[in-house]
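Below is one structure; the comments refer to it alone.
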Amino acid sequence: MPDLSRLLRARSVTLIGASDNNPWCAMVARGLAAGGFEGPVHLVNARGNQALGRETVRSCTDLPEVDAAFIAVPAAAIGAAIEDMAAAGISHGVVVTSGFAELGGEGKRAEERLFGRAAELGVTLMGPNSLGFANLVDKVCLSAIPLRPALPSSGVALVSQSGATSAMLYSFAHQQGIGLTHSVALGNEAMIDLCDVVEFLLDDERVKAVAIFAESIRDAGRFRAIAERALKARKPIVVQKVGVGELTAAVAQAHTGALVGDDRVFQAACDAYGVMRASSIEDLIVTAGLLASTGPIDAEKGFALISASGGACEIAADGGELAGVPFPPFADATRDRLGEVISAYGATHNPFDITGAVMAKPEMYADAVRAIGMDGQFGLIGLITEVGESEAATSPASLGMIRATARGLADIDVPVVLIQQYLKPVSEFGRTVLAEHGLPALTGGLDHAMRALGRLWHWSRRVALPPPTATTATASSAELPRGERATLEFLSGHGVPVIPQRVVRTTHEAAAAAAEIGGSLALKILSPDIAHKTEVGGVALHVPPEEAGAAFERILASARTKCPDAEIQGALVSPMREEGVDLIVGVVRDPVWGLAIAVGLGGIWVELLKDSALRLLPVSRGEARDMLLSLKAAPLLTGYRGTPALDIDRIAEAIVGIGNAAIALGHGLEALEVNPLRVTAACPEALDALAVGRPS
């Protein structure tokens with residue numbers, strides 16, 4: 001990781017390419033002034049012309065010691081600017097110039113040459129195609145994004161791979177009264193990438209949450225390590241990541257020159273490390289602001305909501321159910337206390353409609369907050385309240401309710417969040433009123449607030465769990481198993497229960513094996529070149545022992561006819577298993593995140609129902625249990641309409657074994673599939689398996 005202190009906490013800066021015709025340098029100069037930068041700001045112009053009403057120098061070597069530079073020169077002049085910086089001992093900078101890797105081809109090669117040369121010279125650059133950064137807590141703003149008047153810090157740091165989007169995120173955060181600590185627009189990440197900046201921010205105790213707009217994750221290993229660090233530090237990371245579909249992936253490719261991995265695998269990574277996903281700019285900022293203000297809560301407890309609007313209570317209840325926000329009913333003693341608070345026509349449900357009577361008697365809010373705070377089963381209390389844009393636009397009743405709320409909060413130790421019913425700006429007047437009464441910031445809009453609360457509960461539960469699983473499985477140099485029999489034997493060596501099989505090469509051997517095994521049999525063609533045996537007539541099921549020889553001849557003849565070039569090694573004879581629940585357990589290698597394991601109902605159902613659970617490897621038995629119980633088909637495993645409950649722990653152990661076997665096969669494995677994993681009351685058992693190597 002590069003040391004970014006001299007860049008992001010620079011005490012002296014220079015603008016390279018400054019001129020009256022260069023809008024980028026003018027915006028940065030205004031940003032430095034607006035942000036309260038106290039150090040020297042130098043201007044460099046190769047012709048020595050005046051710029052921005054000030055004198056310039058022709059070269060960085062004409063300057064005293066400088067920490068960082070903002071480079072705004074044409075692409076053809078970037079190389080000379082880097083050489084000039086290095087000669088002057090300026091080791092860090094931001095490059096706003098575009099026209100590099102985002103164009104592909106020669107642009108990408110030019111970027112590699114120029115920034116490779118910078119590395120040789122000991123110069124570390126953000127960009128190219130970067131709008132820079134605003135370190136608002138240290139008042140260092142080398143940013144071409146217009147700054148707003150400073151707000152008190154809410155502890156949220158913003159990192160974006162898109163410059164224009166970072167401007168919108170910054171603007172929306174300001175509108176919602178969320179004071180950012182940092183806002184960083186990365187650009188093409190030729191030298192400084194997302195992980196570098198997030199790691200720097202996690203080390204800053206003033207940063208309470210990190211909000212990320214990402215088009216791609218370039219270094220999955222580092223991102224996982226940083227996410228684990230954030231989890232241990234109890235600092236939430238909230239990500240809005242684009243690239244869910246093929247069209248979006250193509251746009252991101254053109255925009256940043258980055259590859260976009262599979263979104264479901266990325267979600268699995270987020271689940272493992274407590275990274276929260278947001279679906280919009282509004283969700284990203286509202287969620288990060290909420291989590292920064294509350295920190296982790298007691299997620300074993302529920303959420304209570306108070307509102308003077310019954311409709312708002314109903315909207316919140318519906319949204320909370322979808323988002324996973326628990327609304328437990330009040331205890332009997334709490335209901336009694338609340339019954340004393342509200343008028344005769346009110347009800348003491350959670351969410352709690354305090355009724356319009358509170359307009360005439362604001363103290364009802366304080367009494368309700370105290371009663372619910374004493375209940376003991378709530379990890380967070382929400383109050384729906386509104387603050388006008390000005391004192392004239394705020395009713396005396398609303399101000400009375402705010403004062404009463406503050407009095408109630410003083411008597412309880414349960415954290416509280418204030419929620420506006422719809423998304424609207426938080427004015428300077430509103431911020432002042434809240435600060436005067438020691439109230440938390442307003443969270444905007446019921447819809448966004450309930451989704452953010454759902455993420456708060458999910459993140460808080462993850463914080464309380466042990467760190468992600470470590471595995472004892474190690475990659476080996478074992479040759480990839482070819483064919484079903486070899487794959488099942490390999491799985492068996494990693495603790496996966498597999499069906500007994502006999503290899504037979506003649507009709508006589510088939511008959512002898514059938515007589516020894518007894519009962520109904522299954523025969524399958526044995527060939528490393530035939531992956532889907534049923535499609536070539538290479539499977540015979542429910543075969544009586546006396547017909548095993550004939551079945552053997554039949555499947556061999558069919559396979560040789562339909563696959564004349566395949567290597568036929570004989571057939572596999574195994575007992576025909578009783579009916580059970582068929583699962584498919586598959587491991588795939590994602591190009592960004594590595595091996596991921598999926599579990600779903602086997603056969604046609606996994607595609608028809610779109611019902612599967614996905615995790616990054618390795619997985620623990622507990623995680624495998626969670627995967628199974630998260631399926632829509634989970635009732636088939638736990639007992640449905642009189643069917644016996646199956647042994648979830650033994651199934652989970654088989655899944656762990658399959659995952660460990662995949663890890664042990666090393667980097668040569670592309671995919672490993674067990675289909676089906678037949679589950680009965682007796683035990684799970686792999687009936688068929690296939691390993692696929694990576695393309696050379």
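As shown in the structure tokens, the chain order sets the letters A, B, ...; within each chain, residues go from 1, and ligands are also counted from 1 in the order they appear.
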Would you please give, as a ChimeraX atom specification, all residues of segment 386-568 of chain A that DSSP assigns to strand (DSSP E) based on the backbone? /A:416-419,442-443,502-504,521-526,539-543
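If you count only C-alpha atoms and ignore residues fewer than 3 places along the chain from segment 309-320 of chain A, what sits within 8 Å of it is A:Leu305, A:Ile306, A:Ala323, A:Gly324, A:Val325, A:Pro326, A:Phe327, A:Pro351, A:Phe352, A:Asp353, A:Ile354, A:Thr355, A:Gly356, A:Gln421, A:Leu446, A:Asp447, A:Met450, A:Arg451, A:Leu453, A:Gly454.
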Saved selection, atoms kept: N, CA and C atoms, as a PDB file, in the first residue's frame:
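Writing the result to selection00.pdb gives the following:
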```pdb
ATOM      1  N   LEU A 305     -40.895   1.939  16.746  1.00  0.00           N
ATOM      2  CA  LEU A 305     -41.094   3.173  15.996  1.00  0.00           C
ATOM      3  C   LEU A 305     -42.269   3.930  16.581  1.00  0.00           C
ATOM      4  N   ILE A 306     -42.119   5.241  16.687  1.00  0.00           N
ATOM      5  CA  ILE A 306     -43.176   6.117  17.188  1.00  0.00           C
ATOM      6  C   ILE A 306     -43.491   7.146  16.110  1.00  0.00           C
ATOM      7  N   ALA A 323     -37.324  -5.402   4.558  1.00  0.00           N
ATOM      8  CA  ALA A 323     -35.899  -5.113   4.771  1.00  0.00           C
ATOM      9  C   ALA A 323     -35.280  -5.938   5.884  1.00  0.00           C
ATOM     10  N   GLY A 324     -36.087  -6.703   6.620  1.00  0.00           N
ATOM     11  CA  GLY A 324     -35.535  -7.505   7.708  1.00  0.00           C
ATOM     12  C   GLY A 324     -35.390  -6.759   9.013  1.00  0.00           C
ATOM     13  N   VAL A 325     -36.235  -5.742   9.232  1.00  0.00           N
ATOM     14  CA  VAL A 325     -36.218  -4.999  10.497  1.00  0.00           C
ATOM     15  C   VAL A 325     -37.215  -5.648  11.449  1.00  0.00           C
ATOM     16  N   PRO A 326     -36.768  -6.117  12.611  1.00  0.00           N
ATOM     17  CA  PRO A 326     -37.686  -6.798  13.531  1.00  0.00           C
ATOM     18  C   PRO A 326     -38.517  -5.804  14.353  1.00  0.00           C
ATOM     19  N   PHE A 327     -39.832  -5.983  14.363  1.00  0.00           N
ATOM     20  CA  PHE A 327     -40.752  -5.166  15.148  1.00  0.00           C
ATOM     21  C   PHE A 327     -41.437  -6.044  16.197  1.00  0.00           C
ATOM     22  N   PRO A 351     -45.280  -0.791  15.114  1.00  0.00           N
ATOM     23  CA  PRO A 351     -45.030   0.631  15.350  1.00  0.00           C
ATOM     24  C   PRO A 351     -46.184   1.304  16.111  1.00  0.00           C
ATOM     25  N   PHE A 352     -45.809   2.334  16.873  1.00  0.00           N
ATOM     26  CA  PHE A 352     -46.736   2.961  17.807  1.00  0.00           C
ATOM     27  C   PHE A 352     -47.264   4.273  17.239  1.00  0.00           C
ATOM     28  N   ASP A 353     -48.572   4.310  16.983  1.00  0.00           N
ATOM     29  CA  ASP A 353     -49.237   5.527  16.532  1.00  0.00           C
ATOM     30  C   ASP A 353     -49.622   6.329  17.767  1.00  0.00           C
ATOM     31  N   ILE A 354     -48.894   7.393  18.018  1.00  0.00           N
ATOM     32  CA  ILE A 354     -49.136   8.193  19.213  1.00  0.00           C
ATOM     33  C   ILE A 354     -50.338   9.107  19.042  1.00  0.00           C
ATOM     34  N   THR A 355     -50.873   9.153  17.825  1.00  0.00           N
ATOM     35  CA  THR A 355     -52.081   9.902  17.420  1.00  0.00           C
ATOM     36  C   THR A 355     -51.818  11.401  17.366  1.00  0.00           C
ATOM     37  N   GLY A 356     -52.749  12.066  16.712  1.00  0.00           N
ATOM     38  CA  GLY A 356     -52.641  13.519  16.562  1.00  0.00           C
ATOM     39  C   GLY A 356     -52.799  14.279  17.859  1.00  0.00           C
ATOM     40  N   GLN A 421     -40.584  11.599   7.111  1.00  0.00           N
ATOM     41  CA  GLN A 421     -41.483  10.688   6.416  1.00  0.00           C
ATOM     42  C   GLN A 421     -41.176  10.620   4.928  1.00  0.00           C
ATOM     43  N   LEU A 446     -38.961   7.499   4.622  1.00  0.00           N
ATOM     44  CA  LEU A 446     -39.265   6.205   5.230  1.00  0.00           C
ATOM     45  C   LEU A 446     -38.740   5.038   4.406  1.00  0.00           C
ATOM     46  N   ASP A 447     -38.882   5.117   3.092  1.00  0.00           N
ATOM     47  CA  ASP A 447     -38.466   4.012   2.234  1.00  0.00           C
ATOM     48  C   ASP A 447     -36.965   3.761   2.367  1.00  0.00           C
ATOM     49  N   MET A 450     -36.006   2.598   6.073  1.00  0.00           N
ATOM     50  CA  MET A 450     -36.256   1.213   6.460  1.00  0.00           C
ATOM     51  C   MET A 450     -35.234   0.279   5.819  1.00  0.00           C
ATOM     52  N   ARG A 451     -34.842   0.556   4.576  1.00  0.00           N
ATOM     53  CA  ARG A 451     -33.795  -0.269   3.956  1.00  0.00           C
ATOM     54  C   ARG A 451     -32.470  -0.092   4.697  1.00  0.00           C
ATOM     55  N   LEU A 453     -32.134   0.706   7.836  1.00  0.00           N
ATOM     56  CA  LEU A 453     -32.262   0.023   9.124  1.00  0.00           C
ATOM     57  C   LEU A 453     -32.086  -1.476   8.967  1.00  0.00           C
ATOM     58  N   GLY A 454     -32.619  -2.038   7.875  1.00  0.00           N
ATOM     59  CA  GLY A 454     -32.407  -3.462   7.620  1.00  0.00           C
ATOM     60  C   GLY A 454     -30.935  -3.789   7.486  1.00  0.00           C
TER      61      GLY A 454
END
```
DSSP on the backbone, alpha helix (DSSP H) only: what residues of segment 439-580 of chain A does that give? Format it as a PyMOL selection string. chain A and resi 446-464+483-492+507-517+548-562
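Distance annotation: of A:Ala331, A:Ala452, A:Ala371, A:Ile342, the residue with the minimal separation from Met276 of chain A is A:Ala452; atom set is only C-alpha atoms.
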I'd like the neighbourhood of Asp413 of chain A as an MDAnalysis selection string, where a residue qualifies if any of its atoms comes within 9 Å (using only C-alpha atoms), though same-chain residues fewer than 4 positions away should be ignored. chainID A and resid 373:374 409
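Take atom CA of Thr680 of chain A and atom CA of Val581 of chain A: the distance between them is 6.6 Å.
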So that I can see what lies close to Val207 of chain A, please list as an NGL selection string the residues with an atom at most 12 Å from it, counting only C-alpha atoms and leaving out residues fewer than 2 positions away in the same chain. :A and (135-137 or 153-158 or 179-183 or 198-205 or 209-211 or 230 or 233-237 or 288-289 or 291-293 or 295)
I'd like the neighbourhood of Ala571 of chain A as a VMD selection string, where a residue qualifies if any of its atoms comes within 6 Å (using only C-alpha atoms), though same-chain residues fewer than 5 positions away should be ignored. chain A and resid 503 to 504 524 to 526
Those residues you just picked out, can you put them in a file as an mmCIF file, in the first residue's frame with C-alpha atoms?
```
data_model
loop_
_atom_site.group_PDB
_atom_site.id
_atom_site.type_symbol
_atom_site.label_atom_id
_atom_site.label_comp_id
_atom_site.auth_asym_id
_atom_site.auth_seq_id
_atom_site.Cartn_x
_atom_site.Cartn_y
_atom_site.Cartn_z
ATOM 1 C CA VAL A 503 -15.877 -50.881 -12.208
ATOM 2 C CA VAL A 504 -16.834 -53.549 -14.753
ATOM 3 C CA LYS A 524 -23.474 -45.815 -15.862
ATOM 4 C CA ILE A 525 -21.001 -45.611 -18.691
ATOM 5 C CA LEU A 526 -17.396 -45.024 -17.546
#
```
The residue from A:Glu578, A:Glu112, A:Glu509, A:Asp649 with the smallest atom-to-atom distance to His542 of chain A, counting only C-alpha atoms, is A:Glu578
Find the residue from A:Gly444, A:Asp375, A:Leu147, A:Gly302 that sits nearest to Asp283 of chain A; use only C-alpha atoms when measuring. A:Gly444
Atom pair atom CA of Ala540 of chain A + atom CA of Ile555 of chain A, distance 7.1 Å
A straight line from atom CA of Ile419 of chain A to atom CA of Ala449 of chain A spans 7.0 Å
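Residues in contact with Glu673 of chain A at 7 Å, where only C-alpha atoms are counted and same-chain residues fewer than 5 positions away are skipped, are listed as Val585, Gly586, Val587, Ala689, Leu690 and Ala691 of chain A.
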Here is a test: counting only C-alpha atoms, which residue of A:Val463, A:Val656, A:Ala682, A:Val159 is nearest to Pro644 of chain A? A:Ala682
Can you write out as a Markdown table which residues of segment 582-682 of chain A fall within 6 Å of segment 474-498 of chain A, alongside each residue's closest atom pair and its distance in Å to one decimal, counting only C-alpha atoms and ordering rows by chain and ascending residue number?
```
| residue | atom | partner | partner_atom | distance |
| --- | --- | --- | --- | --- |
| A:Ala654 | CA | A:Val496 | CA | 5.0 |
| A:Gly657 | CA | A:Val496 | CA | 5.4 |
| A:Ala661 | CA | A:His494 | CA | 5.9 |
| A:Ile663 | CA | A:Ala475 | CA | 5.6 |
| A:Ala664 | CA | A:Ala475 | CA | 3.9 |
| A:Leu665 | CA | A:Ala475 | CA | 5.6 |
| A:Gly666 | CA | A:Ala475 | CA | 4.3 |
```
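When only C-alpha atoms are used to measure the gap to Val286 of chain A, the shortest distance among A:Ala522, A:Arg337, A:Ala220, A:Leu169 belongs to A:Leu169.
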If we count only C-alpha atoms and set the cut-off at 8 Å, which residues sit around Gly438 of chain A, ignoring sequence neighbours fewer than 3 positions away in its own chain? Please answer as JSON, numbers by chain. {"A": [406, 434, 435]}
